[in-house]
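Enquirer: I am attaching a structure below and will ask some questions about it afterwards.
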Amino acid sequence: MSLFKIAWRNMQQRGLATVLTMFSMALGVCLVVMVLSIGWLIQTSFSRNSNVGYNLIVGAKGSPLQLTLNTVYYLSRTIEVLPYDEYLEFLPKDERTAEIQKIGGQIAQPDRAGRYGETFMKGGFAIPVCLGDYFGPFRVVGTKPGFFENLRYGEGADLKYEFAQGRNFVDYSEENGFFEAVLGSHVAAEMKIKVGDEIKTTHGDPEGEGHGQGFKVVGILKSTGTPNDRATFINIEGFYWMEGHARAIEPAEMAQQERTEVVAAPAAANAARLPLEKRDLTAVLIKPANGMYAMSMERDINKSLRAQAASPIREITTMLENFVKPINDALLALTAVVCLVSAISILVSIYNSMNERRRDIAVMRALGARRDVVMAIILIESLLIAIIGGGAGWVAAHLIGMAFSPAVEYRTGIQLGLLTSVTTYELWLIPGLMGLATLAGLIPAMAAYRTDVSRNL
Amino acid sequence: MLELTQLTKTFRLPDGGELKVLDVAHFHLQAGEQTILLGESGGGKTTLLHCIAGIMQPTSGSIKLDNIELTRLSESGRDRVRAAKIGYVFQSFNLLPGFTALENVRLGMTFGDGKHDATRAKSLLERVGLGERLGHKPAQLSVGQQQRVAVARALANRPKLLLADEPTANIDPQNQQRIIDLIRLTCQEENVALLMVTHSMQVADQFPRVERLETLNQALATTKDS
């Protein structure tokens, strides 16, 4: 009969105590694995969305992290705004001129290239973004159609946005004017909106005052697993026409120093756009022609008085390192303590049974079992309790993850299968458990080792 | 097969004194020989069996089993000899409660040379009349049946010597003779030397050789007399 069989029989003999000890170990491991899974989920969710398909976010001076959270994840409040002129600085001469002529209004040097337009941006793109409104609980993003044409998503930032229904909004259409909208997949599902419906947004926060102007939904995005699933996109031109979105008072000095020329608005039907001097924006998403340019652009932009540039990947990595990782590590340490307590419960359970088992051990010794053999039997018992309990805890944690997978996927776009969220830390669980079990089994095993045969027969 | 020479065992008492319980000048047992060891309670019979089995080290003297000097072996060496060459039947059976009858018998061959003869455990239980009770645990067996399992377990490792420490002391009179017959017969069939401790003259009378511990402990008796 193998030593495993003998150890197993010993465990069966003390069925309830064994099961309770295993349960305690399962609970400890389950907690550890769940903390690891949650850590993995947060890290994956942020890092895969930080690769957003552009290199820089330019916004008003303030916290770069807040700018990133606000612009990429639609979290936190919007910080200050920038004049629309800042966006024009990223356009090459021909594009800048065309944009100014299309919109009309007061601006300095309408015929020059943007500050970064010629050198850095030819072949890249700049997309303006206006935030601040809500549709239900979801953020509204005022932007240009280029948002979905130029941006990519996914871990390699190589997936193109696709429409489950309808199409991208356009700059201007005969049917809807400037008032077209595209909804993220979760927004459409949760708000029960389909293509052709009209939506109205609220100003400032979800409970804010409603705008009278409606937007026609012309497209619903396929699920992407990005924060864009939870956003509503409207044409920036329509955004500017809503009440409270036009700049009311322009700083006097700006008007004097910068807006020296007036470009007349074109007479076409679609020309009724908010003039340049009344436009603000929250951020500009920048992808230079070459990724190498991003750093020097960032340095240069950050020298300016009103704008800042933030690298979303760096901000998210810093946030994960500075905020998420320490919390995750602290939780991990706590759950490791739970595992240690579980290991001690194995020790207590086996040690308490040693008194009633001395005779059995003496009998085995009388049948020829060496001291190290009876010691090994106790250690195997401890290992079996830890591995079976720990294994059950591991499976339970991942099953719980799977059970919550739809909710997690809805929130983060990440599917949780049984093995999806297995982290490299978990590879240490088995040797870790075996080490703990050996330590826990050592004291009772030594008691078995020292059992006096002739006294206990 | 078994030879004891100048064997002594002395215990240290809590008050610092010493108690000599064994002082055997010479004792031997041939292969297949069946011998009864009689003696008073507390006289040292179990101590002698423990010394022969290598469970306890004598204070001095020699124990030769199958030409192996046990007293010169380390504890693990004695464990190996015990596992390979000695069977032990206890007064209180000492079956492991969590194991079935078959597993208890298999346990007898687990710690030996590692050669597990799966059919032997079963055939031994059939020989002691428990072929239908292989899967029963000790609590599901009668007292007599439990001792029969213990006999089968003691013979499982094909020992050269079977030590039986009052194997019928806890058994009802009806089953006592059955157990004695069983032990003697199986030892005879397997050519196993048998040294059985008892204080029952009725049992002793059935054996060809009967030794009294008091006689073996002659030197001790002389010391006491003087």
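By order in the structure tokens, chains are A, B, ...; within a chain, residues start at 1; ligands start at 1, following the order shown.
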Would you list the contacts of Leu125 (chain B) as a ChimeraX atom specification, taking every protein, DNA or RNA residue within 9 Å and counting only C-alpha atoms, but skipping same-chain residues closer than 2 positions in sequence?

Expert: /B:101-102,105,120-123,127-134,148-149,152-153

Enquirer: Emit the selected residues as a CSV table (one decimal), in the first residue's frame, including C-alpha atoms.

Expert:
chain,number,residue,atom,x,y,z
B,101,ALA,CA,-9.4,-5.7,6.8
B,102,LEU,CA,-7.6,-6.1,3.5
B,105,VAL,CA,-3.2,-6.9,6.1
B,120,ARG,CA,-1.3,-12.8,-0.7
B,121,ALA,CA,-3.2,-10.4,1.5
B,122,LYS,CA,-6.4,-11.6,0.1
B,123,SER,CA,-5.5,-15.3,0.4
B,127,ARG,CA,-7.2,-18.7,5.1
B,128,VAL,CA,-8.3,-17.1,8.4
B,129,GLY,CA,-12.0,-17.3,7.3
B,130,LEU,CA,-12.5,-13.7,6.4
B,131,GLY,CA,-12.7,-13.9,2.6
B,132,GLU,CA,-16.1,-12.3,2.7
B,133,ARG,CA,-15.0,-9.5,5.0
B,134,LEU,CA,-12.2,-8.0,3.0
B,148,ARG,CA,-7.8,-13.1,12.9
B,149,VAL,CA,-7.1,-10.0,10.7
B,152,ALA,CA,-3.1,-12.4,8.8
B,153,ARG,CA,-1.4,-9.0,8.9

Enquirer: I need the contact residues of chain A against chain B, so if you could list those with any atom within 7 Å, counting only C-alpha atoms, and return them as a PyMOL selection string, that would help.

Expert: chain A and resi 1+9-10+13+360+363+366-370+453-454

Enquirer: Could you write those residues out with N, CA and C atoms, as an mmCIF file, in the first residue's frame?

Expert:
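So the final result, stored in out-v4.cif, reads:
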data_model
loop_
_atom_site.group_PDB
_atom_site.id
_atom_site.type_symbol
_atom_site.label_atom_id
_atom_site.label_comp_id
_atom_site.auth_asym_id
_atom_site.auth_seq_id
_atom_site.Cartn_x
_atom_site.Cartn_y
_atom_site.Cartn_z
ATOM 1 N N MET A 1 0.855 -1.185 0.000
ATOM 2 C CA MET A 1 0.000 0.000 0.000
ATOM 3 C C MET A 1 0.899 1.245 0.000
ATOM 4 N N ARG A 9 -6.185 7.593 3.820
ATOM 5 C CA ARG A 9 -7.044 6.912 4.793
ATOM 6 C C ARG A 9 -7.054 7.677 6.125
ATOM 7 N N ASN A 10 -5.896 8.177 6.515
ATOM 8 C CA ASN A 10 -5.830 8.965 7.755
ATOM 9 C C ASN A 10 -6.735 10.186 7.653
ATOM 10 N N GLN A 13 -10.279 9.176 7.913
ATOM 11 C CA GLN A 13 -10.587 8.822 9.301
ATOM 12 C C GLN A 13 -11.058 10.059 10.080
ATOM 13 N N ASP A 360 -1.742 4.388 16.415
ATOM 14 C CA ASP A 360 -1.667 3.977 15.008
ATOM 15 C C ASP A 360 -0.232 4.091 14.492
ATOM 16 N N VAL A 363 1.790 1.335 15.886
ATOM 17 C CA VAL A 363 1.492 0.070 15.196
ATOM 18 C C VAL A 363 2.258 0.012 13.877
ATOM 19 N N ALA A 366 5.725 -0.681 14.588
ATOM 20 C CA ALA A 366 5.920 -2.084 14.959
ATOM 21 C C ALA A 366 5.864 -2.992 13.731
ATOM 22 N N LEU A 367 5.148 -2.541 12.707
ATOM 23 C CA LEU A 367 5.084 -3.331 11.470
ATOM 24 C C LEU A 367 6.300 -3.063 10.575
ATOM 25 N N GLY A 368 7.206 -2.223 11.045
ATOM 26 C CA GLY A 368 8.449 -2.029 10.307
ATOM 27 C C GLY A 368 8.615 -0.658 9.684
ATOM 28 N N ALA A 369 7.620 0.253 9.888
ATOM 29 C CA ALA A 369 7.757 1.597 9.298
ATOM 30 C C ALA A 369 8.864 2.356 10.026
ATOM 31 N N ARG A 370 9.779 2.909 9.260
ATOM 32 C CA ARG A 370 10.854 3.681 9.881
ATOM 33 C C ARG A 370 10.298 5.032 10.341
ATOM 34 N N VAL A 453 7.442 3.818 20.401
ATOM 35 C CA VAL A 453 6.635 2.666 19.972
ATOM 36 C C VAL A 453 6.201 1.820 21.165
ATOM 37 N N SER A 454 7.158 1.435 22.001
ATOM 38 C CA SER A 454 6.805 0.487 23.066
ATOM 39 C C SER A 454 5.816 1.096 24.059
#

Enquirer: So, with only C-alpha atoms as the atoms that count, which of B:Gly39, B:Gln147, B:Thr8, B:Glu190 lies closest to Thr215 (chain B)?

Expert: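 Answer, going by the shortest atom-to-atom distance: B:Gly39.
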
Enquirer: Need the shell around Phe179 (chain A): protein/DNA/RNA residues with any atom at most 10 Å away, counting only C-alpha atoms. Skip same-chain ones fewer than 3 positions apart. Format as a list in words?

Expert: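 Once the adjacent positions are removed, what remains is Phe169, Val170, Asp171, Tyr172, Ser173, Glu175, Asn176, Glu198, Ile199, Gln213, Gly214, Phe215, Lys216, Val217, Val218, Ile234, Asn235, Ile236, Glu237, Gly238, Phe239 and Trp241 of chain A.
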
Enquirer: So which bits of region 2-211 of chain A end up helix (DSSP H, G or I) when you DSSP the backbone, as a PyMOL selection string?

Expert: chain A and resi 3-13+15-50+64-72+84-88+93-103+146-150+185-191

Enquirer: Can you tell me, as an mmCIF file with C-alpha atoms, in the first residue's frame, what residues are no more than 12 Å from Val195 (chain A) when counting only C-alpha atoms, ignoring any on the same chain fewer than 5 positions away?

Expert:
data_model
loop_
_atom_site.group_PDB
_atom_site.id
_atom_site.type_symbol
_atom_site.label_atom_id
_atom_site.label_comp_id
_atom_site.auth_asym_id
_atom_site.auth_seq_id
_atom_site.Cartn_x
_atom_site.Cartn_y
_atom_site.Cartn_z
ATOM 1 C CA PHE A 163 -20.447 49.827 -37.046
ATOM 2 C CA ALA A 164 -22.947 47.250 -35.878
ATOM 3 C CA GLN A 165 -25.670 49.414 -37.396
ATOM 4 C CA GLY A 166 -25.670 52.470 -39.603
ATOM 5 C CA ARG A 167 -22.644 54.625 -40.395
ATOM 6 C CA ASN A 168 -20.248 57.233 -39.071
ATOM 7 C CA PHE A 169 -21.641 60.748 -38.584
ATOM 8 C CA GLU A 180 -25.779 63.447 -36.148
ATOM 9 C CA ALA A 181 -24.644 61.056 -33.429
ATOM 10 C CA VAL A 182 -22.963 57.669 -33.109
ATOM 11 C CA LEU A 183 -23.444 55.554 -29.982
ATOM 12 C CA GLY A 184 -21.083 53.121 -28.286
ATOM 13 C CA SER A 185 -22.467 49.583 -28.102
ATOM 14 C CA ALA A 188 -27.206 51.846 -27.315
ATOM 15 C CA ALA A 189 -28.013 48.651 -25.409
ATOM 16 C CA PHE A 215 -29.179 64.579 -32.504
ATOM 17 C CA LYS A 216 -30.183 61.864 -34.959
ATOM 18 C CA VAL A 217 -28.472 58.552 -34.249
ATOM 19 C CA VAL A 218 -26.921 57.432 -37.531
ATOM 20 C CA GLY A 219 -24.667 54.636 -36.295
ATOM 21 C CA ILE A 220 -24.039 52.211 -33.447
ATOM 22 C CA LEU A 221 -20.508 50.922 -32.930
#

Enquirer: Find the residue from B:Ala156, B:Ala150, B:Leu216, B:Val143 that sits nearest to Thr119 (chain B); use only C-alpha atoms when measuring.

Expert: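 Among the listed residues, the smallest separation from Thr119 (chain B) belongs to B:Ala156.
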
Enquirer: CA of Gln109 (chain A) and CA of Ile57 (chain A), how far apart in Å?

Expert: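 According to the coordinates, CA of Ile57 (chain A) and CA of Gln109 (chain A) are separated by 24.8 Å.
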
Enquirer: Can you pull out every residue from region 55-218 of chain B that DSSP, working from the backbone, puts in strand (DSSP E), and format the result as a VMD selection string?

Expert: chain B and resid 60 to 65 68 to 69 86 to 89 161 to 165 193 to 198 209 to 212

Enquirer: Between CA of Val210 (chain B) and CA of Pro173 (chain B), measure the distance and give it in Å to one decimal.

Expert: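 Between CA of Val210 (chain B) and CA of Pro173 (chain B) the gap is 21.3 Å.
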
Enquirer: Extract, using only C-alpha atoms, all DNA, RNA and protein residues at most 9 Å from Gly204 (chain A), discarding same-chain residues fewer than 6 positions from it, and format them as a VMD selection string.

Expert: chain A and resid 131 to 134

Enquirer: Could you write those residues out with N, CA and C atoms, as a PDB file, in the first residue's frame?

Expert:
ATOM      1  N   LEU A 131     -15.669  67.713 -24.406  1.00  0.00           N
ATOM      2  CA  LEU A 131     -16.395  66.906 -23.417  1.00  0.00           C
ATOM      3  C   LEU A 131     -17.196  67.828 -22.509  1.00  0.00           C
ATOM      4  N   GLY A 132     -18.083  67.225 -21.731  1.00  0.00           N
ATOM      5  CA  GLY A 132     -18.817  68.040 -20.771  1.00  0.00           C
ATOM      6  C   GLY A 132     -20.300  67.718 -20.723  1.00  0.00           C
ATOM      7  N   ASP A 133     -20.825  67.113 -21.779  1.00  0.00           N
ATOM      8  CA  ASP A 133     -22.243  66.757 -21.778  1.00  0.00           C
ATOM      9  C   ASP A 133     -22.427  65.273 -21.482  1.00  0.00           C
ATOM     10  N   TYR A 134     -23.659  64.941 -21.160  1.00  0.00           N
ATOM     11  CA  TYR A 134     -23.994  63.544 -20.859  1.00  0.00           C
ATOM     12  C   TYR A 134     -25.231  63.131 -21.635  1.00  0.00           C
TER      13      TYR A 134
END

Enquirer: One decimal, Å: what's the distance from CA of Lys287 (chain A) over to CA of Gly124 (chain A), could you say?

Expert: 5.2 Å

Enquirer: Please provide as a VMD selection string all residues within 12 Å of Ala294 (chain A), with the sequence filter that same-chain residues fewer than 2 positions apart are discarded (counting only C-alpha atoms).

Expert: chain A and resid 54 to 58 116 119 to 121 124 285 to 292 296 to 302 309 to 312

Enquirer: Those same residues - C-alpha atoms - I'd like them written as a PDB file, in the first residue's frame.

Expert:
ATOM      1  CA  TYR A  54      -2.412  58.226 -30.819  1.00  0.00           C
ATOM      2  CA  ASN A  55       0.679  59.453 -29.012  1.00  0.00           C
ATOM      3  CA  LEU A  56      -0.303  62.620 -27.232  1.00  0.00           C
ATOM      4  CA  ILE A  57      -3.266  64.325 -25.675  1.00  0.00           C
ATOM      5  CA  VAL A  58      -3.084  68.098 -25.668  1.00  0.00           C
ATOM      6  CA  TYR A 116       3.589  71.795 -35.583  1.00  0.00           C
ATOM      7  CA  THR A 119       7.318  69.641 -39.470  1.00  0.00           C
ATOM      8  CA  PHE A 120       5.658  66.996 -37.387  1.00  0.00           C
ATOM      9  CA  MET A 121       2.103  66.387 -38.511  1.00  0.00           C
ATOM     10  CA  GLY A 124      -0.276  62.131 -38.920  1.00  0.00           C
ATOM     11  CA  LEU A 285      -5.655  63.825 -29.860  1.00  0.00           C
ATOM     12  CA  ILE A 286      -2.330  63.874 -31.656  1.00  0.00           C
ATOM     13  CA  LYS A 287      -0.573  61.308 -33.758  1.00  0.00           C
ATOM     14  CA  PRO A 288       2.497  62.864 -35.413  1.00  0.00           C
ATOM     15  CA  ALA A 289       3.820  61.602 -38.723  1.00  0.00           C
ATOM     16  CA  ASN A 290       6.506  59.753 -36.822  1.00  0.00           C
ATOM     17  CA  GLY A 291       6.177  58.475 -33.261  1.00  0.00           C
ATOM     18  CA  MET A 292       9.682  59.807 -32.550  1.00  0.00           C
ATOM     19  CA  SER A 296       9.960  66.734 -28.735  1.00  0.00           C
ATOM     20  CA  MET A 297       6.403  67.951 -29.420  1.00  0.00           C
ATOM     21  CA  GLU A 298       5.467  67.116 -25.842  1.00  0.00           C
ATOM     22  CA  ARG A 299       8.428  69.061 -24.467  1.00  0.00           C
ATOM     23  CA  ASP A 300       7.661  72.039 -26.651  1.00  0.00           C
ATOM     24  CA  ILE A 301       3.934  72.090 -25.892  1.00  0.00           C
ATOM     25  CA  ASN A 302       4.590  71.842 -22.168  1.00  0.00           C
ATOM     26  CA  ALA A 309       0.706  67.490 -23.615  1.00  0.00           C
ATOM     27  CA  ALA A 310       0.351  64.119 -21.956  1.00  0.00           C
ATOM     28  CA  SER A 311       1.376  60.674 -23.171  1.00  0.00           C
ATOM     29  CA  PRO A 312      -1.578  58.407 -22.339  1.00  0.00           C
TER      30      PRO A 312
END
